[in-house]
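Peer 1: File name model-v9.cif; file contents mmCIF, N, CA and C atoms; full text below.
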```cif
data_upload
loop_
_atom_site.label_atom_id
_atom_site.label_comp_id
_atom_site.auth_asym_id
_atom_site.auth_seq_id
_atom_site.Cartn_x
_atom_site.Cartn_y
_atom_site.Cartn_z
N PHE H 1 -158.10 -156.88 48.69
CA PHE H 1 -159.48 -157.05 49.06
C PHE H 1 -160.16 -155.71 49.04
N LYS H 2 -161.37 -155.70 48.57
CA LYS H 2 -162.13 -154.46 48.53
C LYS H 2 -163.51 -154.72 49.08
N THR H 3 -164.10 -153.69 49.65
CA THR H 3 -165.50 -153.79 50.06
C THR H 3 -166.31 -153.08 49.00
N ARG H 4 -167.53 -153.57 48.79
CA ARG H 4 -168.39 -152.92 47.82
C ARG H 4 -169.83 -153.04 48.29
N ALA H 5 -170.62 -152.07 47.91
CA ALA H 5 -172.03 -152.10 48.26
C ALA H 5 -172.76 -153.02 47.30
N LEU H 6 -173.67 -153.81 47.81
CA LEU H 6 -174.51 -154.67 46.99
C LEU H 6 -175.83 -153.98 46.75
N GLN H 7 -176.46 -154.31 45.63
CA GLN H 7 -177.79 -153.78 45.39
C GLN H 7 -178.74 -154.41 46.40
N THR H 8 -179.59 -153.60 46.98
CA THR H 8 -180.46 -154.10 48.03
C THR H 8 -181.55 -155.03 47.51
N ASP H 9 -181.85 -154.99 46.19
CA ASP H 9 -182.89 -155.86 45.65
C ASP H 9 -182.33 -157.21 45.18
N THR H 10 -181.05 -157.43 45.32
CA THR H 10 -180.44 -158.68 44.90
C THR H 10 -180.41 -159.64 46.08
N ALA H 11 -180.95 -160.81 45.89
CA ALA H 11 -180.94 -161.82 46.95
C ALA H 11 -179.55 -162.41 47.08
N PRO H 12 -179.07 -162.67 48.30
CA PRO H 12 -177.75 -163.26 48.48
C PRO H 12 -177.75 -164.71 48.01
N ALA H 13 -176.58 -165.19 47.69
CA ALA H 13 -176.44 -166.59 47.28
C ALA H 13 -176.83 -167.49 48.44
N ALA H 14 -177.41 -168.62 48.12
CA ALA H 14 -177.83 -169.56 49.16
C ALA H 14 -176.60 -170.14 49.84
N PRO H 15 -176.61 -170.26 51.17
CA PRO H 15 -175.47 -170.82 51.88
C PRO H 15 -175.22 -172.26 51.46
N ARG H 16 -173.97 -172.64 51.40
CA ARG H 16 -173.59 -174.01 51.08
C ARG H 16 -172.80 -174.56 52.25
N PRO H 17 -172.74 -175.87 52.40
CA PRO H 17 -172.11 -176.44 53.58
C PRO H 17 -170.60 -176.37 53.61
N ALA H 18 -169.94 -176.14 52.49
CA ALA H 18 -168.48 -176.15 52.50
C ALA H 18 -167.95 -175.17 51.47
N GLY H 19 -166.71 -174.72 51.69
CA GLY H 19 -166.05 -173.83 50.75
C GLY H 19 -165.53 -174.59 49.55
N ILE H 20 -165.08 -173.87 48.55
CA ILE H 20 -164.53 -174.44 47.33
C ILE H 20 -163.03 -174.21 47.33
N ALA H 21 -162.26 -175.23 47.02
CA ALA H 21 -160.80 -175.08 46.98
C ALA H 21 -160.40 -174.24 45.76
N VAL H 22 -159.62 -173.21 45.98
CA VAL H 22 -159.08 -172.38 44.91
C VAL H 22 -157.58 -172.31 45.12
N ASP H 23 -156.80 -172.89 44.19
CA ASP H 23 -155.34 -172.94 44.31
C ASP H 23 -154.92 -173.48 45.67
N GLY H 24 -155.58 -174.52 46.14
CA GLY H 24 -155.22 -175.15 47.40
C GLY H 24 -155.82 -174.48 48.63
N ALA H 25 -156.44 -173.33 48.47
CA ALA H 25 -157.06 -172.63 49.60
C ALA H 25 -158.57 -172.75 49.46
N VAL H 26 -159.26 -172.60 50.56
CA VAL H 26 -160.72 -172.64 50.55
C VAL H 26 -161.23 -171.21 50.42
N ALA H 27 -162.20 -171.01 49.55
CA ALA H 27 -162.73 -169.66 49.34
C ALA H 27 -164.18 -169.58 49.81
N TRP H 28 -164.48 -168.56 50.58
CA TRP H 28 -165.83 -168.29 51.08
C TRP H 28 -166.21 -166.89 50.67
N VAL H 29 -167.49 -166.68 50.43
CA VAL H 29 -168.03 -165.34 50.25
C VAL H 29 -168.72 -165.00 51.57
N LEU H 30 -168.25 -163.95 52.21
CA LEU H 30 -168.82 -163.48 53.46
C LEU H 30 -169.46 -162.13 53.20
N ILE H 31 -170.77 -162.06 53.43
CA ILE H 31 -171.49 -160.80 53.27
C ILE H 31 -171.88 -160.34 54.67
N LEU H 32 -171.49 -159.12 55.00
CA LEU H 32 -171.81 -158.52 56.29
C LEU H 32 -172.76 -157.35 56.04
N ARG H 33 -173.98 -157.47 56.55
CA ARG H 33 -174.96 -156.39 56.40
C ARG H 33 -174.99 -155.61 57.71
N VAL H 34 -174.59 -154.35 57.65
CA VAL H 34 -174.55 -153.51 58.83
C VAL H 34 -175.98 -153.33 59.35
N VAL H 35 -176.20 -153.69 60.62
CA VAL H 35 -177.52 -153.61 61.24
C VAL H 35 -177.96 -152.15 61.30
N ASP H 36 -179.24 -151.89 61.02
CA ASP H 36 -179.83 -150.55 61.03
C ASP H 36 -179.18 -149.63 60.00
N SER H 37 -178.75 -150.20 58.87
CA SER H 37 -178.11 -149.43 57.82
C SER H 37 -178.34 -150.17 56.49
N SER H 38 -178.14 -149.47 55.40
CA SER H 38 -178.21 -150.12 54.09
C SER H 38 -176.83 -150.56 53.62
N GLN H 39 -175.81 -150.36 54.46
CA GLN H 39 -174.45 -150.71 54.07
C GLN H 39 -174.23 -152.22 54.11
N THR H 40 -173.55 -152.72 53.08
CA THR H 40 -173.22 -154.13 52.98
C THR H 40 -171.75 -154.26 52.59
N ILE H 41 -171.08 -155.21 53.20
CA ILE H 41 -169.67 -155.46 52.92
C ILE H 41 -169.57 -156.88 52.39
N GLU H 42 -168.95 -157.05 51.23
CA GLU H 42 -168.75 -158.40 50.68
C GLU H 42 -167.26 -158.71 50.67
N LEU H 43 -166.90 -159.82 51.27
CA LEU H 43 -165.51 -160.25 51.34
C LEU H 43 -165.37 -161.63 50.73
N HIS H 44 -164.29 -161.85 49.99
CA HIS H 44 -163.95 -163.16 49.47
C HIS H 44 -162.76 -163.63 50.30
N VAL H 45 -162.99 -164.63 51.12
CA VAL H 45 -161.99 -165.06 52.10
C VAL H 45 -161.45 -166.43 51.69
N SER H 46 -160.17 -166.49 51.38
CA SER H 46 -159.54 -167.77 51.03
C SER H 46 -158.32 -168.05 51.90
N HIS H 47 -158.01 -167.14 52.80
CA HIS H 47 -156.89 -167.30 53.73
C HIS H 47 -157.17 -166.40 54.94
N ALA H 48 -156.21 -166.16 55.77
CA ALA H 48 -156.41 -165.31 56.94
C ALA H 48 -156.39 -163.84 56.54
N ILE H 49 -157.39 -163.10 57.02
CA ILE H 49 -157.43 -161.65 56.83
C ILE H 49 -157.82 -161.01 58.15
N THR H 50 -157.53 -159.73 58.28
CA THR H 50 -157.93 -158.98 59.47
C THR H 50 -158.90 -157.88 59.07
N LEU H 51 -159.74 -157.49 60.02
CA LEU H 51 -160.66 -156.38 59.84
C LEU H 51 -160.46 -155.40 60.98
N GLY H 52 -160.59 -154.14 60.67
CA GLY H 52 -160.45 -153.09 61.67
C GLY H 52 -160.44 -151.75 60.98
N ARG H 53 -159.75 -150.81 61.54
CA ARG H 53 -159.58 -149.51 60.90
C ARG H 53 -158.09 -149.23 60.89
N THR H 54 -157.62 -148.65 59.84
CA THR H 54 -156.18 -148.44 59.72
C THR H 54 -155.88 -147.27 58.80
N LEU H 55 -154.72 -146.70 58.98
CA LEU H 55 -154.24 -145.67 58.08
C LEU H 55 -153.30 -146.26 57.04
N ASP H 56 -152.90 -147.52 57.22
CA ASP H 56 -151.96 -148.18 56.32
C ASP H 56 -152.72 -148.97 55.28
N ALA H 57 -152.86 -148.41 54.08
CA ALA H 57 -153.60 -149.07 53.01
C ALA H 57 -152.76 -150.10 52.25
N SER H 58 -151.48 -150.25 52.63
CA SER H 58 -150.60 -151.15 51.89
C SER H 58 -150.76 -152.62 52.31
N ASP H 59 -151.45 -152.90 53.39
CA ASP H 59 -151.63 -154.26 53.87
C ASP H 59 -152.82 -154.91 53.16
N ALA H 60 -152.55 -155.74 52.15
CA ALA H 60 -153.61 -156.35 51.34
C ALA H 60 -154.46 -157.34 52.12
N ALA H 61 -153.95 -157.86 53.24
CA ALA H 61 -154.71 -158.84 54.03
C ALA H 61 -155.51 -158.17 55.14
N HIS H 62 -155.67 -156.85 55.08
CA HIS H 62 -156.42 -156.12 56.10
C HIS H 62 -157.56 -155.35 55.44
N ILE H 63 -158.75 -155.49 55.99
CA ILE H 63 -159.93 -154.77 55.50
C ILE H 63 -160.17 -153.57 56.40
N ASP H 64 -160.11 -152.38 55.82
CA ASP H 64 -160.30 -151.14 56.57
C ASP H 64 -161.79 -150.80 56.61
N LEU H 65 -162.35 -150.76 57.80
CA LEU H 65 -163.77 -150.47 57.99
C LEU H 65 -164.04 -149.00 58.29
N SER H 66 -163.07 -148.15 58.06
CA SER H 66 -163.23 -146.72 58.36
C SER H 66 -164.42 -146.10 57.64
N SER H 67 -164.70 -146.55 56.42
CA SER H 67 -165.83 -145.98 55.67
C SER H 67 -167.17 -146.39 56.27
N HIS H 68 -167.16 -147.30 57.22
CA HIS H 68 -168.38 -147.73 57.92
C HIS H 68 -168.41 -147.16 59.34
N HIS H 69 -167.72 -146.03 59.55
CA HIS H 69 -167.70 -145.31 60.83
C HIS H 69 -167.08 -146.15 61.95
N ALA H 70 -166.05 -146.90 61.60
CA ALA H 70 -165.42 -147.81 62.55
C ALA H 70 -164.91 -147.10 63.80
N ALA H 71 -164.30 -145.95 63.65
CA ALA H 71 -163.75 -145.25 64.81
C ALA H 71 -164.87 -144.86 65.79
N GLN H 72 -166.00 -144.37 65.27
CA GLN H 72 -167.12 -143.99 66.12
C GLN H 72 -167.74 -145.20 66.82
N PHE H 73 -167.64 -146.38 66.21
CA PHE H 73 -168.19 -147.59 66.80
C PHE H 73 -167.19 -148.33 67.69
N GLY H 74 -166.01 -147.77 67.90
CA GLY H 74 -165.04 -148.38 68.80
C GLY H 74 -164.32 -149.59 68.23
N VAL H 75 -164.15 -149.62 66.91
CA VAL H 75 -163.43 -150.71 66.27
C VAL H 75 -161.93 -150.44 66.38
N SER H 76 -161.18 -151.45 66.81
CA SER H 76 -159.73 -151.32 66.93
C SER H 76 -159.07 -151.34 65.55
N ARG H 77 -157.81 -150.92 65.49
CA ARG H 77 -157.08 -150.91 64.22
C ARG H 77 -157.02 -152.30 63.60
N LYS H 78 -156.67 -153.29 64.36
CA LYS H 78 -156.74 -154.69 63.93
C LYS H 78 -157.62 -155.39 64.96
N HIS H 79 -158.91 -155.46 64.67
CA HIS H 79 -159.90 -155.89 65.65
C HIS H 79 -160.12 -157.40 65.63
N ILE H 80 -160.38 -157.96 64.43
CA ILE H 80 -160.63 -159.40 64.33
C ILE H 80 -159.84 -160.00 63.17
N ALA H 81 -159.68 -161.31 63.22
CA ALA H 81 -159.12 -162.07 62.10
C ALA H 81 -160.17 -163.06 61.64
N LEU H 82 -160.21 -163.29 60.33
CA LEU H 82 -161.06 -164.31 59.74
C LEU H 82 -160.15 -165.33 59.07
N ARG H 83 -160.50 -166.61 59.20
CA ARG H 83 -159.71 -167.66 58.56
C ARG H 83 -160.66 -168.67 57.93
N ALA H 84 -160.36 -169.05 56.68
CA ALA H 84 -161.18 -170.00 55.94
C ALA H 84 -160.67 -171.42 56.16
N TYR H 85 -161.62 -172.32 56.39
CA TYR H 85 -161.36 -173.76 56.46
C TYR H 85 -162.33 -174.44 55.51
N LYS H 86 -162.13 -175.71 55.25
CA LYS H 86 -162.97 -176.43 54.28
C LYS H 86 -164.45 -176.37 54.64
N ASN H 87 -164.80 -176.61 55.88
CA ASN H 87 -166.20 -176.69 56.26
C ASN H 87 -166.73 -175.50 57.05
N HIS H 88 -165.89 -174.51 57.31
CA HIS H 88 -166.36 -173.36 58.08
C HIS H 88 -165.40 -172.19 57.97
N LEU H 89 -165.90 -171.05 58.40
CA LEU H 89 -165.11 -169.82 58.47
C LEU H 89 -165.10 -169.42 59.93
N VAL H 90 -163.93 -169.06 60.46
CA VAL H 90 -163.85 -168.70 61.87
C VAL H 90 -163.47 -167.24 62.04
N VAL H 91 -163.90 -166.68 63.18
CA VAL H 91 -163.53 -165.33 63.57
C VAL H 91 -162.73 -165.43 64.87
N ARG H 92 -161.76 -164.55 65.02
CA ARG H 92 -160.93 -164.50 66.23
C ARG H 92 -160.76 -163.05 66.64
N ASP H 93 -161.08 -162.73 67.89
CA ASP H 93 -160.83 -161.40 68.42
C ASP H 93 -159.33 -161.26 68.65
N LEU H 94 -158.76 -160.15 68.20
CA LEU H 94 -157.32 -159.92 68.31
C LEU H 94 -156.97 -159.07 69.53
N ASN H 95 -157.60 -159.41 70.66
CA ASN H 95 -157.40 -158.68 71.91
C ASN H 95 -157.78 -157.21 71.76
N SER H 96 -158.92 -156.99 71.10
CA SER H 96 -159.39 -155.63 70.83
C SER H 96 -159.79 -154.92 72.11
N THR H 97 -159.77 -153.61 72.06
CA THR H 97 -160.13 -152.80 73.22
C THR H 97 -161.59 -152.95 73.61
N ASN H 98 -162.49 -152.92 72.61
CA ASN H 98 -163.92 -152.92 72.89
C ASN H 98 -164.61 -154.25 72.63
N GLY H 99 -163.84 -155.28 72.34
CA GLY H 99 -164.38 -156.63 72.26
C GLY H 99 -165.13 -156.98 70.99
N THR H 100 -165.42 -158.28 70.89
CA THR H 100 -166.13 -158.87 69.76
C THR H 100 -167.18 -159.81 70.33
N ALA H 101 -168.35 -159.85 69.70
CA ALA H 101 -169.41 -160.76 70.14
C ALA H 101 -170.08 -161.39 68.93
N ILE H 102 -170.60 -162.59 69.13
CA ILE H 102 -171.46 -163.25 68.15
C ILE H 102 -172.77 -163.52 68.86
N ASN H 103 -173.86 -163.00 68.29
CA ASN H 103 -175.19 -163.15 68.88
C ASN H 103 -175.20 -162.76 70.36
N GLU H 104 -174.54 -161.64 70.65
CA GLU H 104 -174.45 -161.05 71.99
C GLU H 104 -173.63 -161.86 72.99
N ASN H 105 -172.90 -162.87 72.51
CA ASN H 105 -171.99 -163.64 73.37
C ASN H 105 -170.57 -163.18 73.09
N ARG H 106 -169.95 -162.56 74.09
CA ARG H 106 -168.61 -162.00 73.92
C ARG H 106 -167.59 -163.10 73.70
N LEU H 107 -166.69 -162.87 72.76
CA LEU H 107 -165.63 -163.83 72.44
C LEU H 107 -164.41 -163.57 73.31
N ALA H 108 -163.75 -164.65 73.72
CA ALA H 108 -162.47 -164.52 74.39
C ALA H 108 -161.42 -164.16 73.33
N ALA H 109 -160.42 -163.41 73.72
CA ALA H 109 -159.36 -163.04 72.79
C ALA H 109 -158.58 -164.26 72.33
N HIS H 110 -158.22 -164.26 71.06
CA HIS H 110 -157.36 -165.29 70.45
C HIS H 110 -157.96 -166.69 70.46
N VAL H 111 -159.30 -166.78 70.40
CA VAL H 111 -159.98 -168.07 70.32
C VAL H 111 -160.82 -168.08 69.04
N ASP H 112 -160.63 -169.10 68.19
CA ASP H 112 -161.39 -169.23 66.95
C ASP H 112 -162.82 -169.67 67.25
N VAL H 113 -163.79 -168.96 66.65
CA VAL H 113 -165.20 -169.27 66.81
C VAL H 113 -165.82 -169.34 65.42
N PRO H 114 -166.50 -170.44 65.06
CA PRO H 114 -167.12 -170.55 63.73
C PRO H 114 -168.23 -169.53 63.52
N LEU H 115 -168.32 -169.01 62.29
CA LEU H 115 -169.40 -168.12 61.89
C LEU H 115 -170.40 -168.92 61.07
N LYS H 116 -171.68 -168.54 61.16
CA LYS H 116 -172.69 -169.17 60.31
C LYS H 116 -173.68 -168.10 59.86
N THR H 117 -174.37 -168.40 58.78
CA THR H 117 -175.38 -167.48 58.26
C THR H 117 -176.42 -167.20 59.33
N GLY H 118 -176.76 -165.92 59.46
CA GLY H 118 -177.74 -165.49 60.45
C GLY H 118 -177.13 -164.95 61.72
N ASP H 119 -175.85 -165.25 61.97
CA ASP H 119 -175.19 -164.71 63.15
C ASP H 119 -175.14 -163.19 63.07
N VAL H 120 -175.15 -162.54 64.23
CA VAL H 120 -174.89 -161.11 64.31
C VAL H 120 -173.49 -160.96 64.91
N LEU H 121 -172.57 -160.47 64.09
CA LEU H 121 -171.18 -160.25 64.50
C LEU H 121 -171.06 -158.81 64.94
N GLN H 122 -170.60 -158.60 66.17
CA GLN H 122 -170.42 -157.25 66.69
C GLN H 122 -168.96 -157.04 66.99
N ILE H 123 -168.38 -156.01 66.36
CA ILE H 123 -167.00 -155.64 66.66
C ILE H 123 -167.04 -154.20 67.19
N GLY H 124 -166.62 -154.05 68.44
CA GLY H 124 -166.87 -152.80 69.14
C GLY H 124 -168.38 -152.68 69.26
N LYS H 125 -168.94 -151.58 68.73
CA LYS H 125 -170.40 -151.41 68.72
C LYS H 125 -170.97 -151.54 67.31
N LEU H 126 -170.14 -151.92 66.35
CA LEU H 126 -170.57 -152.11 64.97
C LEU H 126 -171.16 -153.51 64.81
N ARG H 127 -172.49 -153.56 64.56
CA ARG H 127 -173.20 -154.84 64.47
C ARG H 127 -173.50 -155.16 63.01
N MET H 128 -173.16 -156.40 62.59
CA MET H 128 -173.35 -156.82 61.21
C MET H 128 -173.95 -158.22 61.17
N ARG H 129 -174.96 -158.42 60.31
CA ARG H 129 -175.56 -159.75 60.12
C ARG H 129 -174.72 -160.50 59.09
N VAL H 130 -174.44 -161.78 59.38
CA VAL H 130 -173.58 -162.63 58.57
C VAL H 130 -174.39 -163.41 57.55
N ILE H 131 -173.95 -163.38 56.30
CA ILE H 131 -174.44 -164.26 55.24
C ILE H 131 -173.20 -164.94 54.67
N LEU H 132 -173.19 -166.24 54.70
CA LEU H 132 -172.00 -167.01 54.34
C LEU H 132 -172.34 -167.98 53.22
N ALA H 133 -171.52 -168.01 52.18
CA ALA H 133 -171.74 -168.93 51.06
C ALA H 133 -170.40 -169.36 50.49
N ALA H 134 -170.41 -170.51 49.86
CA ALA H 134 -169.20 -170.97 49.16
C ALA H 134 -169.03 -170.12 47.91
N LYS H 135 -167.79 -169.91 47.53
CA LYS H 135 -167.49 -169.15 46.32
C LYS H 135 -167.70 -170.03 45.10
N ALA H 136 -168.39 -169.52 44.12
CA ALA H 136 -168.66 -170.29 42.91
C ALA H 136 -167.36 -170.59 42.17
N PRO H 137 -167.21 -171.80 41.61
CA PRO H 137 -165.97 -172.18 40.93
C PRO H 137 -165.64 -171.28 39.75
N SER H 138 -166.62 -170.65 39.11
CA SER H 138 -166.36 -169.81 37.94
C SER H 138 -165.80 -168.45 38.30
N GLU H 139 -165.78 -168.09 39.60
CA GLU H 139 -165.29 -166.78 40.01
C GLU H 139 -163.78 -166.75 40.10
#
```
Write the structure described by the file as structure tokens, please.
Peer 2:
Amino acid sequence: FKTRALQTDTAPAAPRPAGIAVDGAVAWVLILRVVDSSQTIELHVSHAITLGRTLDASDAAHIDLSSHHAAQFGVSRKHIALRAYKNHLVVRDLNSTNGTAINENRLAAHVDVPLKTGDVLQIGKLRMRVILAAKAPSE
């Protein structure tokens, strides 16, 4: 998995109600726009992945947010997990030190909470607006 910056003049794909099955897994495109920044993170989620900051680049199922100043924002090494389901994508706080919130509502550790377009996901003090869409079958 890689993060990449999107062009700011490109409109995001319109949200769809369900993911697309890819090799038996559901695939979602999750775009996280860092609040008060031009930084954007695009993730293609078809199974469980974790987000945080890490020195171990060998874990393909972990997204390292260090380039987004994760340490300064209090992001834990393995802060949250994302899991794709047919009709939704969920986030789970992994008992992080500085917590996780959706729309300023703090999440309990190890509890799956659905994400939707327009949500503000906060991990530590890093705030990101959620844009969620199904992955196109041609991708």
Peer 1: My list of candidates is H:Ile102, H:Met128, H:Ala61, H:Ala108. Which is closest to Ala48 in chain H when distances are computed with all atoms listed in the file?
Peer 2: H:Ala61
Peer 1: When you draw a straight line from CA of Gly74 in chain H to CA of Ala133 in chain H, how long is it in Å?
Peer 2: 28.0 Å
Peer 1: May I ask which of the residues H:Gln72, H:Thr97, H:His88, H:Leu132 is the closest one to Asp112 in chain H, counting only C-alpha atoms?
Peer 2: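 Looking at the shortest contact to Asp112 in chain H, the residue is H:His88.
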Peer 1: Tell me which protein, DNA and RNA residues are within 7 Å of Arg129 in chain H, counting only N, CA and C atoms, leaving out same-chain ones fewer than 4 positions away, and put them as a list in words.
Peer 2: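 Answer for this query is Ile31, Leu32, Arg33, Val34, Val35, Thr117, Gly118, Asp119, Val120 and Leu121 of chain H.
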Peer 1: Filtering to N, CA and C atoms, could you give me those residues as a compact mmCIF listing (two decimals), keeping the file's coordinate frame?
Peer 2:
```txt
# COMPACT_ATOMS: atom_id res chain seq x y z
N ILE H 31 -170.77 -162.06 53.43
CA ILE H 31 -171.49 -160.80 53.27
C ILE H 31 -171.88 -160.34 54.67
N LEU H 32 -171.49 -159.12 55.00
CA LEU H 32 -171.81 -158.52 56.29
C LEU H 32 -172.76 -157.35 56.04
N ARG H 33 -173.98 -157.47 56.55
CA ARG H 33 -174.96 -156.39 56.40
C ARG H 33 -174.99 -155.61 57.71
N VAL H 34 -174.59 -154.35 57.65
CA VAL H 34 -174.55 -153.51 58.83
C VAL H 34 -175.98 -153.33 59.35
N VAL H 35 -176.20 -153.69 60.62
CA VAL H 35 -177.52 -153.61 61.24
C VAL H 35 -177.96 -152.15 61.30
N THR H 117 -174.37 -168.40 58.78
CA THR H 117 -175.38 -167.48 58.26
C THR H 117 -176.42 -167.20 59.33
N GLY H 118 -176.76 -165.92 59.46
CA GLY H 118 -177.74 -165.49 60.45
C GLY H 118 -177.13 -164.95 61.72
N ASP H 119 -175.85 -165.25 61.97
CA ASP H 119 -175.19 -164.71 63.15
C ASP H 119 -175.14 -163.19 63.07
N VAL H 120 -175.15 -162.54 64.23
CA VAL H 120 -174.89 -161.11 64.31
C VAL H 120 -173.49 -160.96 64.91
N LEU H 121 -172.57 -160.47 64.09
CA LEU H 121 -171.18 -160.25 64.50
C LEU H 121 -171.06 -158.81 64.94
```
Peer 1: Calculated over all atoms listed in the file, which of the candidates H:Gln122, H:Ser46, H:Ala81, H:Leu51 has the smallest distance to Asn103 in chain H?
Peer 2: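 Among H:Gln122, H:Ser46, H:Ala81, H:Leu51, it is H:Gln122 that comes nearest to Asn103 in chain H.
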Peer 1: Counting only N, CA and C atoms, which residues have an atom no more than 8 Å from (-158.6, -165.7, 71.3) in the file's coordinates? Please list them as a list in words.
Peer 2: Val91, Arg92, Asp93, Leu94, Asn95, Leu107, Ala108, Ala109, His110, Val111, Asp112 and Val113 of chain H
Peer 1: Given only N, CA and C atoms as the basis, pick out the residue of H:Glu42, H:Pro114, H:Gly124, H:His69 nearest to Ser96 in chain H.
Peer 2: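 Between H:Glu42, H:Pro114, H:Gly124, H:His69, the residue approaching Ser96 in chain H most closely is H:Gly124.
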Peer 1: What separation in Å, quoted to one decimal, exists between atom C of Ile49 in chain H and CA of Ala71 in chain H?
Peer 2: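 Interatomic distance, atom C of Ile49 in chain H to CA of Ala71 in chain H: 18.1 Å.
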Peer 1: So, with only N, CA and C atoms as the atoms that count, which of H:Ala27, H:Gly52, H:Phe73, H:Tyr85 lies closest to Arg127 in chain H?
Peer 2: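 Counting only N, CA and C atoms, the residue closest to Arg127 in chain H is H:Phe73.
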Peer 1: What is the atom N of Lys78 in chain H-atom C of Ala101 in chain H distance in Å, reported with one decimal?
Peer 2: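 Value for the atom N of Lys78 in chain H-atom C of Ala101 in chain H distance: 16.3 Å.
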Peer 1: Nearest to Val45 in chain H among H:His68, H:Arg106, H:Thr100, H:Arg83, with distances taken over only C-alpha atoms: which residue is it?
Peer 2: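 With only C-alpha atoms as the atom set, the closest residue is H:Arg83.
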Peer 1: Dig up all the protein and nucleic acid residues within 7 Å of (-155.4, -151.0, 60.3) in the file frame, using all atoms listed in the file, and format them as a ChimeraX atom specification.
Peer 2: /H:51-56,62-64,76-78
